[in-house]
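Below you'll find the structure, written out as structure tokens, and then a few comments.
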Protein chains: 2
Amino acid sequence: MTKLLETINGPEDLQALTHDQLIQVAGEIRDVITHSVSRTGGHLASNLGVVELTIAMHRAFDFHRDRLLWDVGHQCYAHKILTGRREMFDRLRQENGLSGFPSPAESDCDVFSVGHAGTSIATALGMALGAQHRGSDEKIVALVGDASIVNGLSFEALNNLSLVKRQLLIVLNDNSMAIDVTQGAMAGFMSRVRLSHTYEDIRKTTNRMLEHLPLIGPRVEETLENVKKTLRMAITPSRLFESLNIPYFGPIDGHDIGSMIELFKGLSELDRPALLHVYTKKGKGFTPADDNPCKYHSTGPFALDSESEPSAGGQRSFTEAFGDKLAELGGRDEKIIAITAAMPDGTGLVNFRRRFKSRYYDIGIAESVAVDIAAGMAKQGLKPFVCIYSTFLQRSFDQIFQEASLQNLPVVFCIDRAGAVGNDGPTHHGLWDIGCLRLLPNLVIAAPADEWELCRSLELAAETQKPFAIRYPKETVPDDDFGSHMPYEVGKSALLREGDSEYVLIALGTPVGQALQAAELLEKDGLSVTVVNARFAKPLDEAMLDWFRMGKTVITLEDHSIAGGFGSALFEMASRKALNDRDEALRDGISRMVLLGAGDDYLPAAARDKQLFWMNLTADKIVQTVKGLTCPPQKDDT
Amino acid sequence: MTKLLETINGPEDLQALTHDQLIQVAGEIRDVITHSVSRTGGHLASNLGVVELTIAMHRAFDFHRDRLLWDVGHQCYAHKILTGRREMFDRLRQENGLSGFPSPAESDCDVFSVGHAGTSIATALGMALGAQHRGSDEKIVALVGDASIVNGLSFEALNNLSLVKRQLLIVLNDNSMAIDVTQGAMAGFMSRVRLSHTYEDIRKTTNRMLEHLPLIGPRVEETLENVKKTLRMAITPSRLFESLNIPYFGPIDGHDIGSMIELFKGLSELDRPALLHVYTKKGKGFTPADDNPCKYHSTGPFALDSESEPSAGGQRSFTEAFGDKLAELGGRDEKIIAITAAMPDGTGLVNFRRRFKSRYYDIGIAESVAVDIAAGMAKQGLKPFVCIYSTFLQRSFDQIFQEASLQNLPVVFCIDRAGAVGNDGPTHHGLWDIGCLRLLPNLVIAAPADEWELCRSLELAAETQKPFAIRYPKETVPDDDFGSHMPYEVGKSALLREGDSEYVLIALGTPVGQALQAAELLEKDGLSVTVVNARFAKPLDEAMLDWFRMGKTVITLEDHSIAGGFGSALFEMASRKALNDRDEALRDGISRMVLLGAGDDYLPAAARDKQLFWMNLTADKIVQTVKGLTCPPQKDDT
């Protein structure tokens, strides 16, 4: 067969193809995705599952004008390939390449930059209301997975859907798998629906809906009435949505391109919001992913040969080190509970789950309730460890405030993906957790720099009767531990290297490693600097203020935004102490502070090292900063 | 009748009372609440609605041991009166008095300090799982209103309820009114249920459930089967919850103490979570509140004579000024949309709603989706103004990040109750909005100090093609405008008073007024200080750095936590500029900075002025701080 895909430079090029040609295009897209992701890494299984669905949507709608809202958006690869980005696709998730998520900067077919769950119905609702006010007639489609629809934000949007008095189609992409196997009533309901009927039933539903298509007019009530007659299932899947007054259609086969095109076209004529339930198979068409969709949910580069597993890059990550340690602690203390929001692999809990099934909870993509469940457990004397990526924990800020900080309950927040995240880019950075969490009284915030500190912080958290946050990056652990000879206590820093120059690098978290490298480089150049590991962002070690009092120039380093970060916290403490103690030496020292970290913009997708470079946190950049300070200031020539 | 209530010093004292005596106690509680709230202010209508329900719960459970989780908790007054706090009740919401919300510090019958919506089922779920792990048999009850159950957090908890394999009773207190009339599918469903049957139907349901009580065994399935036979309603209210696999009972009359006691006792024997739907009447028993529950939802002191309205304190508030201005802008520009999360009165939108009904949206207590709806509308070219209290906007941080900041969409956030909130206390302070929001690229954050600036900031927000936050406190507007002669532009400060001493007060927001007062007091003492109105927390006016360069001592004042606040933002800018420009004069000035604002603890309920005193923001305290700086430092005698 000729490569049809090479002729598709935009969705408009799909319009002339025959049904068989569309099927061929689907196969070619699958090849492109599989081969490309095997080299670049990315989300595989979910993207293979929605190839036909994506083609059908592009055939039925014109997304230059109609609006397609993705949820999470990690399943948008076929969409990117079909919308003029095929040739860039081998640069997926690379610097100056394509984002792994929808991006309006890349194409007018992408509406929102997304990456978090539950936003598609919510923003579609807003856009539909906007169209209602403007009187414009573009079609609006939200594509949401069965994992995202259980998110509270999705529910809040569904609950308000009746505000819309025009077309709005919600396509529920149900692969009954979520990221991992999802818990929860909605998932249970979907799963019972799925088990209650055969593929033959689905075909019949689809065919009867198609028969009634000529009857699909603008009035949703009539259409529903006609279509309902066709349903012959043990459990009526419409019940859940209909009690929320949402017209429900389906379920239909999400790999049957022809039927989907006709149904999309028919349903797009409705004058009210409606939901179409589509069954797809995650990982379809690539046997290893088909067999093990969890492993291939989000992957690094891997070999296409099905025998070998996706490579984890070989070196031990903070995530793995965390998972091993938490499992060890779980073996020692029956009060320890692990909670994840649909990320057992990503947060390293697979080991814990295997060993302590009854103390492991996956509550689905529902970060807000995860924290409140943990608070309830802590109130009962248990020791819950809530394991959520930094960026997704933003969904829980209010719960961390009211249910953990205000009650001073010992909930442990294990914050993976803190700092720059590399190729996932702006929607996934964890650059604000210190800025948010340190506002909250009672919290302890630890930022381990190596595996030894990660383990100590977890042990300490298990013993401390306060809310305790531990942040660590998507990064391999350093080969050596930096300060394992110094006792690890809440709010105590560690002096790692004392130099005789005026420069003191105070680093928090993994930048400790870069600070030490920079110190070695500077030493070779004859400048001997001091390196301190702050270890905690809250409470701060008051002993660090001695460096100010000694007249040193303190340079703070953090894998976090400068705004509201650790450096500012240190300044606030110094300023307060200087005022209260009338400490002029301390006050004087404040003036020399230099803060290094992320600035006030979005770091694009790139290798994490590159992002650290942009944040002035690589060893070379630190050297450059220090050397810059040693030069006498240039006078302005004004 | 003798005053029975005086004999009730704890819920145990209810146990010996007859049914008639319980009804008498209900009446006496109502009197206490009405009279007391008329003097102290507080939530009236909702508390009058749940008197019988509260008595019945305390008769059926022992909340010294069993656990009662309140949602929002503003309806806990009868509970407080019955649990040993009757004599303190006239000090409700006062300094050193009783909190207006549940407070574990006051009583072992209160479990969580709450104030935000949607947490009761979530924390009850965690506590039930905790009891499951511990093997303890205390009963767990979550009391949630029809306004809170539509919150995404409630839904996330309901979706995970099947994790619980023991007793957990959810009491849905349905007054079909929410705070205002709630929009949304769930409310619509409840309302259809309510309309579909008469009071007689409810009596029948209740009686038949009671007849089947002897059959209520530990197995929920049998009980459900028996009870279902008793339901004869047009719409089965169980449908919604049963599709989520939650056993549903009711609806029953929430003012029938005797039946409720028996049903609570029966349902408390179930071995699985269940939901009991209870109808109550908001404001029951006090005619003005009965007739106008919205007005008496949350009120200041008022006259018991039913003709007069609750007093708003007489003076014009920021909320009123905002409401008038937004309505004026709405009249000029059809693109302006107002969105509230169930707080049209509290956020001042009543006027806008009356004038522009089609451009006004109340989406219920669902702050997260409110922001995403606004983002969708902004994408369509509209100008949405999202009006949410500072503390509740914490629920939307992640949406403000992804859907507003990352997309750089012109959503306007009108943040009422920013700063210390006075008598509502720790659950309601708005002391962290700058700390969170200034982390986000693209945002503008304005903090008007007077009505003129509030109006200018709203006009500016309507024109600016960026996300724009405006924060203002629960406070009356100053009589005079401070700087209406100086142009109001994004990121520009205003010099209000230039003094010849070294002291410069840079205030953000309403503390500008106190700074000016302090300057006058200091002037009388012969010290002439400079006063600057920063106007914006982001972007900051670089011109403010000149004060540092001139060798002045800069004192920042903000109605916000010092941590992560405006003062730190100013420091960060000064430090960055000093480094980049090699500006030694600027660097030198940084050392003298003094930051005033809230510290790292929870300010208890008290008058707002008292809280400002604790934050060192009253004029006297500012004078004291400045005078302290003028004294030569004391040497340590060590």
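Every chain in the structure tokens takes a letter, A first, then B, and so on in the order presented; its residues are numbered from 1, and the ligands are numbered from 1 following the presented order.
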
Selection near stretch 486-493 of chain A, 7 Å with only C-alpha atoms, sequence-local residues under 2 positions removed, as an NGL selection string: :A and (456 or 483-484 or 495 or 533-536 or 538-541)

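Using only C-alpha atoms, the protein and nucleic acid residues lying no more than 9 Å from A:Gly145, apart from those fewer than 2 places from it along its own chain, are A:Asp71, A:Val72, A:Leu143, A:Ala147, A:Ser148, A:Ile149, A:Val171, A:Leu172, A:Asn173, A:Asp174, A:Asn175, A:Ser176, A:Ala178.
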
Residues of the last selection are to be written out with C-alpha atoms, as a tab-separated table (two decimals), in the first residue's frame.
chain	number	residue	atom	x	y	z
A	71	ASP	CA	-9.07	16.18	28.79
A	72	VAL	CA	-5.53	15.73	30.16
A	143	LEU	CA	-13.42	14.34	24.70
A	147	ALA	CA	-10.55	8.23	34.37
A	148	SER	CA	-11.12	11.97	34.12
A	149	ILE	CA	-14.87	11.94	34.37
A	171	VAL	CA	-17.57	12.04	23.98
A	172	LEU	CA	-16.86	9.68	26.86
A	173	ASN	CA	-13.87	7.58	25.81
A	174	ASP	CA	-14.29	4.53	27.97
A	175	ASN	CA	-11.40	2.10	27.95
A	176	SER	CA	-12.43	0.83	31.40
A	178	ALA	CA	-8.18	4.67	33.50

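Listed by chain and then by rising number, the residues of stretch 528-580 of chain A that DSSP assigns to helix (DSSP H, G or I) from the backbone are Glu542, Ala543, Met544, Leu545, Asp546, Trp547, Phe548, Arg549, Phe566, Gly567, Ser568, Ala569, Leu570, Phe571, Glu572, Met573, Ala574, Ser575, Arg576, Lys577, Ala578, Leu579 and Asn580 of chain A.
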
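Atom to atom, atom CA of B:Tyr503 and atom CA of B:Thr553 stand 4.9 Å apart.
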
Sorted by chain and rising residue number, list the residues of chain A at most 6 Å from chain B (counting only C-alpha atoms), each with its closest atom pair and distance in Å to one decimal, as JSON lines.
{"residue": "A:Ala122", "atom": "CA", "partner": "B:Asp372", "partner_atom": "CA", "distance": 5.5}
{"residue": "A:Thr123", "atom": "CA", "partner": "B:Gly376", "partner_atom": "CA", "distance": 4.7}
{"residue": "A:Gly126", "atom": "CA", "partner": "B:Ile373", "partner_atom": "CA", "distance": 3.8}
{"residue": "A:Met127", "atom": "CA", "partner": "B:Gly376", "partner_atom": "CA", "distance": 4.3}
{"residue": "A:Gly130", "atom": "CA", "partner": "B:Met377", "partner_atom": "CA", "distance": 4.7}
{"residue": "A:Gly152", "atom": "CA", "partner": "B:Gly152", "partner_atom": "CA", "distance": 3.6}
{"residue": "A:Leu153", "atom": "CA", "partner": "B:Gly152", "partner_atom": "CA", "distance": 5.7}
{"residue": "A:Phe155", "atom": "CA", "partner": "B:Gly152", "partner_atom": "CA", "distance": 6.0}
{"residue": "A:Glu156", "atom": "CA", "partner": "B:Gly152", "partner_atom": "CA", "distance": 5.5}
{"residue": "A:Asn159", "atom": "CA", "partner": "B:Ala185", "partner_atom": "CA", "distance": 4.7}
{"residue": "A:Asn160", "atom": "CA", "partner": "B:Gly184", "partner_atom": "CA", "distance": 4.6}
{"residue": "A:Gly184", "atom": "CA", "partner": "B:Asn160", "partner_atom": "CA", "distance": 4.6}
{"residue": "A:Ala185", "atom": "CA", "partner": "B:Asn159", "partner_atom": "CA", "distance": 4.7}
{"residue": "A:Leu240", "atom": "CA", "partner": "B:Ser243", "partner_atom": "CA", "distance": 5.3}
{"residue": "A:Ser243", "atom": "CA", "partner": "B:Leu240", "partner_atom": "CA", "distance": 5.3}
{"residue": "A:Leu244", "atom": "CA", "partner": "B:Ala185", "partner_atom": "CA", "distance": 5.0}
{"residue": "A:Val369", "atom": "CA", "partner": "B:Ala122", "partner_atom": "CA", "distance": 5.8}
{"residue": "A:Asp372", "atom": "CA", "partner": "B:Thr123", "partner_atom": "CA", "distance": 5.1}
{"residue": "A:Ile373", "atom": "CA", "partner": "B:Gly126", "partner_atom": "CA", "distance": 3.8}
{"residue": "A:Ala374", "atom": "CA", "partner": "B:Gly126", "partner_atom": "CA", "distance": 6.0}
{"residue": "A:Gly376", "atom": "CA", "partner": "B:Gly126", "partner_atom": "CA", "distance": 4.0}
{"residue": "A:Met377", "atom": "CA", "partner": "B:Gly130", "partner_atom": "CA", "distance": 4.7}
{"residue": "A:Gln380", "atom": "CA", "partner": "B:Gly130", "partner_atom": "CA", "distance": 5.4}
{"residue": "A:Gln394", "atom": "CA", "partner": "B:Asp398", "partner_atom": "CA", "distance": 5.2}
{"residue": "A:Arg395", "atom": "CA", "partner": "B:Asp398", "partner_atom": "CA", "distance": 5.5}
{"residue": "A:Asp398", "atom": "CA", "partner": "B:Gln394", "partner_atom": "CA", "distance": 5.2}
{"residue": "A:Cys436", "atom": "CA", "partner": "B:Cys436", "partner_atom": "CA", "distance": 5.6}
{"residue": "A:Leu439", "atom": "CA", "partner": "B:Ala563", "partner_atom": "CA", "distance": 5.9}
{"residue": "A:Pro441", "atom": "CA", "partner": "B:Asp601", "partner_atom": "CA", "distance": 5.4}
{"residue": "A:Ala563", "atom": "CA", "partner": "B:Leu439", "partner_atom": "CA", "distance": 5.9}
{"residue": "A:Gly564", "atom": "CA", "partner": "B:Gly564", "partner_atom": "CA", "distance": 4.5}
{"residue": "A:Arg582", "atom": "CA", "partner": "B:Pro633", "partner_atom": "CA", "distance": 5.6}
{"residue": "A:Arg587", "atom": "CA", "partner": "B:Ser591", "partner_atom": "CA", "distance": 5.3}
{"residue": "A:Asp588", "atom": "CA", "partner": "B:Ser591", "partner_atom": "CA", "distance": 5.5}
{"residue": "A:Ile590", "atom": "CA", "partner": "B:Ser591", "partner_atom": "CA", "distance": 5.2}
{"residue": "A:Ser591", "atom": "CA", "partner": "B:Ser591", "partner_atom": "CA", "distance": 4.5}
{"residue": "A:Asp600", "atom": "CA", "partner": "B:Pro441", "partner_atom": "CA", "distance": 5.4}
{"residue": "A:Asp601", "atom": "CA", "partner": "B:Pro441", "partner_atom": "CA", "distance": 5.3}
{"residue": "A:Pro633", "atom": "CA", "partner": "B:Arg582", "partner_atom": "CA", "distance": 5.6}

All strand (DSSP E) residues (DSSP, backbone) inside stretch 344-580 of chain A, as JSON, numbers by chain: {"A": [360, 361, 362, 383, 384, 385, 386, 387, 388, 389, 412, 413, 414, 415, 416, 444, 445, 446, 468, 469, 470, 471, 494, 495, 496, 497, 503, 504, 505, 506, 507, 508, 530, 531, 532, 533, 536, 537, 538, 553, 554, 555, 556, 557, 558, 559, 560, 561]}

Selection file, C-alpha atoms, as an mmCIF file, in the first residue's frame:
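After the write, result.cif holds the following:
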data_model
loop_
_atom_site.group_PDB
_atom_site.id
_atom_site.type_symbol
_atom_site.label_atom_id
_atom_site.label_comp_id
_atom_site.auth_asym_id
_atom_site.auth_seq_id
_atom_site.Cartn_x
_atom_site.Cartn_y
_atom_site.Cartn_z
ATOM 1 C CA TYR A 360 -3.113 0.817 49.821
ATOM 2 C CA TYR A 361 -5.786 3.101 48.332
ATOM 3 C CA ASP A 362 -6.111 4.292 44.749
ATOM 4 C CA LYS A 383 -0.297 7.528 59.344
ATOM 5 C CA PRO A 384 -1.462 8.259 55.819
ATOM 6 C CA PHE A 385 1.109 8.999 53.104
ATOM 7 C CA VAL A 386 -0.557 10.833 50.218
ATOM 8 C CA CYS A 387 1.516 10.405 47.063
ATOM 9 C CA ILE A 388 0.733 13.004 44.396
ATOM 10 C CA TYR A 389 2.807 14.881 41.819
ATOM 11 C CA VAL A 412 2.424 13.039 54.982
ATOM 12 C CA PHE A 413 2.519 14.539 51.485
ATOM 13 C CA CYS A 414 4.933 12.686 49.221
ATOM 14 C CA ILE A 415 5.380 15.164 46.410
ATOM 15 C CA ASP A 416 6.970 13.565 43.361
ATOM 16 C CA VAL A 444 6.936 20.818 57.756
ATOM 17 C CA ILE A 445 8.426 20.913 54.257
ATOM 18 C CA ALA A 446 11.467 18.738 53.558
ATOM 19 C CA PHE A 468 4.715 16.848 56.698
ATOM 20 C CA ALA A 469 5.500 17.470 53.028
ATOM 21 C CA ILE A 470 8.450 15.874 51.237
ATOM 22 C CA ARG A 471 9.303 17.108 47.760
ATOM 23 C CA ALA A 494 23.760 20.656 57.204
ATOM 24 C CA LEU A 495 27.083 22.330 56.523
ATOM 25 C CA LEU A 496 28.630 20.270 53.745
ATOM 26 C CA ARG A 497 31.728 22.248 52.892
ATOM 27 C CA TYR A 503 30.471 33.082 49.288
ATOM 28 C CA VAL A 504 27.992 30.658 50.834
ATOM 29 C CA LEU A 505 25.809 28.504 48.608
ATOM 30 C CA ILE A 506 22.681 27.500 50.520
ATOM 31 C CA ALA A 507 20.889 24.890 48.441
ATOM 32 C CA LEU A 508 17.571 23.178 49.030
ATOM 33 C CA THR A 530 30.914 27.259 51.562
ATOM 34 C CA VAL A 531 28.069 24.856 50.744
ATOM 35 C CA VAL A 532 25.085 24.396 53.050
ATOM 36 C CA ASN A 533 22.211 21.966 52.549
ATOM 37 C CA PHE A 536 13.958 22.036 55.024
ATOM 38 C CA ALA A 537 11.952 24.841 53.457
ATOM 39 C CA LYS A 538 9.874 25.022 56.633
ATOM 40 C CA THR A 553 27.277 36.626 50.591
ATOM 41 C CA VAL A 554 24.484 34.052 50.706
ATOM 42 C CA ILE A 555 23.358 32.563 47.394
ATOM 43 C CA THR A 556 20.209 30.422 47.604
ATOM 44 C CA LEU A 557 19.547 27.634 45.101
ATOM 45 C CA GLU A 558 16.216 25.902 44.690
ATOM 46 C CA ASP A 559 14.472 23.811 42.060
ATOM 47 C CA HIS A 560 11.415 26.051 42.459
ATOM 48 C CA SER A 561 10.237 29.474 41.433
#

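Put simply, atom CA of B:Gln21 is 11.6 Å away from atom CA of B:Ile8.
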
Selection near B:Asp110, 10 Å with only C-alpha atoms, sequence-local residues under 2 positions removed, as a list in words: Phe63, His64, Arg67, Leu68, Leu69, Trp70, Cys76, His79, Lys80, Thr83, Phe101, Pro102, Ser103, Pro104, Ala105, Glu106, Ser107, Asp108, Phe112, Ser113 and Val114 of chain B

Kindly export the residues of the current selection with N, CA and C atoms, as a PDB file, in the first residue's frame.
ATOM      1  N   PHE B  63     -22.169  11.531  70.600  1.00  0.00           N
ATOM      2  CA  PHE B  63     -21.081  12.177  69.865  1.00  0.00           C
ATOM      3  C   PHE B  63     -19.873  12.529  70.728  1.00  0.00           C
ATOM      4  N   HIS B  64     -19.871  12.086  71.965  1.00  0.00           N
ATOM      5  CA  HIS B  64     -18.590  12.076  72.674  1.00  0.00           C
ATOM      6  C   HIS B  64     -17.706  10.979  72.075  1.00  0.00           C
ATOM      7  N   ARG B  67     -18.782   9.914  65.842  1.00  0.00           N
ATOM      8  CA  ARG B  67     -18.173  11.091  65.219  1.00  0.00           C
ATOM      9  C   ARG B  67     -19.143  11.752  64.247  1.00  0.00           C
ATOM     10  N   LEU B  68     -19.376  13.034  64.466  1.00  0.00           N
ATOM     11  CA  LEU B  68     -20.291  13.812  63.614  1.00  0.00           C
ATOM     12  C   LEU B  68     -19.481  14.808  62.795  1.00  0.00           C
ATOM     13  N   LEU B  69     -19.548  14.675  61.479  1.00  0.00           N
ATOM     14  CA  LEU B  69     -18.806  15.567  60.587  1.00  0.00           C
ATOM     15  C   LEU B  69     -19.760  16.566  59.956  1.00  0.00           C
ATOM     16  N   TRP B  70     -19.539  17.823  60.232  1.00  0.00           N
ATOM     17  CA  TRP B  70     -20.362  18.894  59.676  1.00  0.00           C
ATOM     18  C   TRP B  70     -19.801  19.347  58.337  1.00  0.00           C
ATOM     19  N   CYS B  76     -24.210  24.706  62.985  1.00  0.00           N
ATOM     20  CA  CYS B  76     -23.928  23.888  64.165  1.00  0.00           C
ATOM     21  C   CYS B  76     -24.375  24.543  65.473  1.00  0.00           C
ATOM     22  N   HIS B  79     -26.258  22.365  67.926  1.00  0.00           N
ATOM     23  CA  HIS B  79     -25.272  21.389  68.386  1.00  0.00           C
ATOM     24  C   HIS B  79     -24.386  21.991  69.478  1.00  0.00           C
ATOM     25  N   LYS B  80     -23.973  23.229  69.292  1.00  0.00           N
ATOM     26  CA  LYS B  80     -23.134  23.882  70.316  1.00  0.00           C
ATOM     27  C   LYS B  80     -23.914  24.052  71.614  1.00  0.00           C
ATOM     28  N   THR B  83     -24.199  20.843  73.527  1.00  0.00           N
ATOM     29  CA  THR B  83     -22.965  20.151  73.938  1.00  0.00           C
ATOM     30  C   THR B  83     -22.139  21.014  74.887  1.00  0.00           C
ATOM     31  N   PHE B 101     -18.245  28.244  63.913  1.00  0.00           N
ATOM     32  CA  PHE B 101     -18.134  26.986  63.186  1.00  0.00           C
ATOM     33  C   PHE B 101     -17.706  25.890  64.173  1.00  0.00           C
ATOM     34  N   PRO B 102     -17.805  24.619  63.797  1.00  0.00           N
ATOM     35  CA  PRO B 102     -17.333  23.562  64.698  1.00  0.00           C
ATOM     36  C   PRO B 102     -15.863  23.784  65.064  1.00  0.00           C
ATOM     37  N   SER B 103     -15.509  23.432  66.289  1.00  0.00           N
ATOM     38  CA  SER B 103     -14.147  23.660  66.748  1.00  0.00           C
ATOM     39  C   SER B 103     -13.756  22.614  67.782  1.00  0.00           C
ATOM     40  N   PRO B 104     -12.866  21.699  67.436  1.00  0.00           N
ATOM     41  CA  PRO B 104     -12.460  20.656  68.382  1.00  0.00           C
ATOM     42  C   PRO B 104     -11.875  21.236  69.673  1.00  0.00           C
ATOM     43  N   ALA B 105     -11.355  22.466  69.602  1.00  0.00           N
ATOM     44  CA  ALA B 105     -10.791  23.061  70.816  1.00  0.00           C
ATOM     45  C   ALA B 105     -11.884  23.353  71.838  1.00  0.00           C
ATOM     46  N   GLU B 106     -13.124  23.497  71.382  1.00  0.00           N
ATOM     47  CA  GLU B 106     -14.227  23.834  72.287  1.00  0.00           C
ATOM     48  C   GLU B 106     -14.890  22.614  72.910  1.00  0.00           C
ATOM     49  N   SER B 107     -14.935  21.518  72.172  1.00  0.00           N
ATOM     50  CA  SER B 107     -15.723  20.368  72.628  1.00  0.00           C
ATOM     51  C   SER B 107     -15.232  19.089  71.971  1.00  0.00           C
ATOM     52  N   ASP B 108     -15.304  17.987  72.732  1.00  0.00           N
ATOM     53  CA  ASP B 108     -14.945  16.696  72.132  1.00  0.00           C
ATOM     54  C   ASP B 108     -16.032  16.215  71.181  1.00  0.00           C
ATOM     55  N   PHE B 112     -13.735  18.215  63.350  1.00  0.00           N
ATOM     56  CA  PHE B 112     -12.889  19.047  62.501  1.00  0.00           C
ATOM     57  C   PHE B 112     -13.327  20.510  62.617  1.00  0.00           C
ATOM     58  N   SER B 113     -12.378  21.425  62.609  1.00  0.00           N
ATOM     59  CA  SER B 113     -12.682  22.836  62.367  1.00  0.00           C
ATOM     60  C   SER B 113     -12.997  22.974  60.891  1.00  0.00           C
ATOM     61  N   VAL B 114     -14.210  23.375  60.570  1.00  0.00           N
ATOM     62  CA  VAL B 114     -14.538  23.488  59.145  1.00  0.00           C
ATOM     63  C   VAL B 114     -15.134  24.843  58.828  1.00  0.00           C
TER      64      VAL B 114
END

Non-local contacts of B:Phe322 (8 Å; only C-alpha atoms; under 5 positions in same chain excluded) as a VMD selection string: chain B and resid 348 454 to 455

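As for atom CA of B:His58 and atom CA of B:Ala605, they are spaced 26.9 Å apart.
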
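Residue nearest B:Leu14, chosen from B:Arg30, B:Ser259, B:Ala56, B:Lys281 and counting only C-alpha atoms: B:Ala56.
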
Contacts of B:Val477 within 6 Å, only C-alpha atoms, excl. fewer than 3 positions in-chain, as a list in words: Ser317, Phe318, Asp450 and Glu451 of chain B

All residues 9 Å or closer to A:Arg39, only C-alpha atoms, same chain fewer than 4 positions away omitted, as a PyMOL selection string: chain A and resi 34-35+90+300-303

Requested write-out: N, CA and C atoms of the selected residues, as a PDB file, in the first residue's frame:
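Wrote it out as part.pdb, contents follow:
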ATOM      1  N   THR A  34       3.764   4.376  17.336  1.00  0.00           N
ATOM      2  CA  THR A  34       4.543   3.351  18.027  1.00  0.00           C
ATOM      3  C   THR A  34       6.036   3.564  17.802  1.00  0.00           C
ATOM      4  N   HIS A  35       6.423   3.777  16.545  1.00  0.00           N
ATOM      5  CA  HIS A  35       7.846   3.948  16.265  1.00  0.00           C
ATOM      6  C   HIS A  35       8.391   5.220  16.902  1.00  0.00           C
ATOM      7  N   ASP A  90       8.399  13.381  15.129  1.00  0.00           N
ATOM      8  CA  ASP A  90       9.557  12.704  15.731  1.00  0.00           C
ATOM      9  C   ASP A  90      10.284  13.621  16.729  1.00  0.00           C
ATOM     10  N   GLY A 300       9.273   5.864  28.844  1.00  0.00           N
ATOM     11  CA  GLY A 300      10.470   6.401  28.230  1.00  0.00           C
ATOM     12  C   GLY A 300      10.679   5.678  26.911  1.00  0.00           C
ATOM     13  N   PRO A 301      11.794   5.920  26.216  1.00  0.00           N
ATOM     14  CA  PRO A 301      12.079   5.163  25.003  1.00  0.00           C
ATOM     15  C   PRO A 301      12.101   3.667  25.304  1.00  0.00           C
ATOM     16  N   PHE A 302      11.716   2.843  24.336  1.00  0.00           N
ATOM     17  CA  PHE A 302      11.722   1.393  24.549  1.00  0.00           C
ATOM     18  C   PHE A 302      12.015   0.700  23.227  1.00  0.00           C
ATOM     19  N   ALA A 303      12.337  -0.600  23.314  1.00  0.00           N
ATOM     20  CA  ALA A 303      12.592  -1.377  22.105  1.00  0.00           C
ATOM     21  C   ALA A 303      11.278  -1.887  21.541  1.00  0.00           C
TER      22      ALA A 303
END
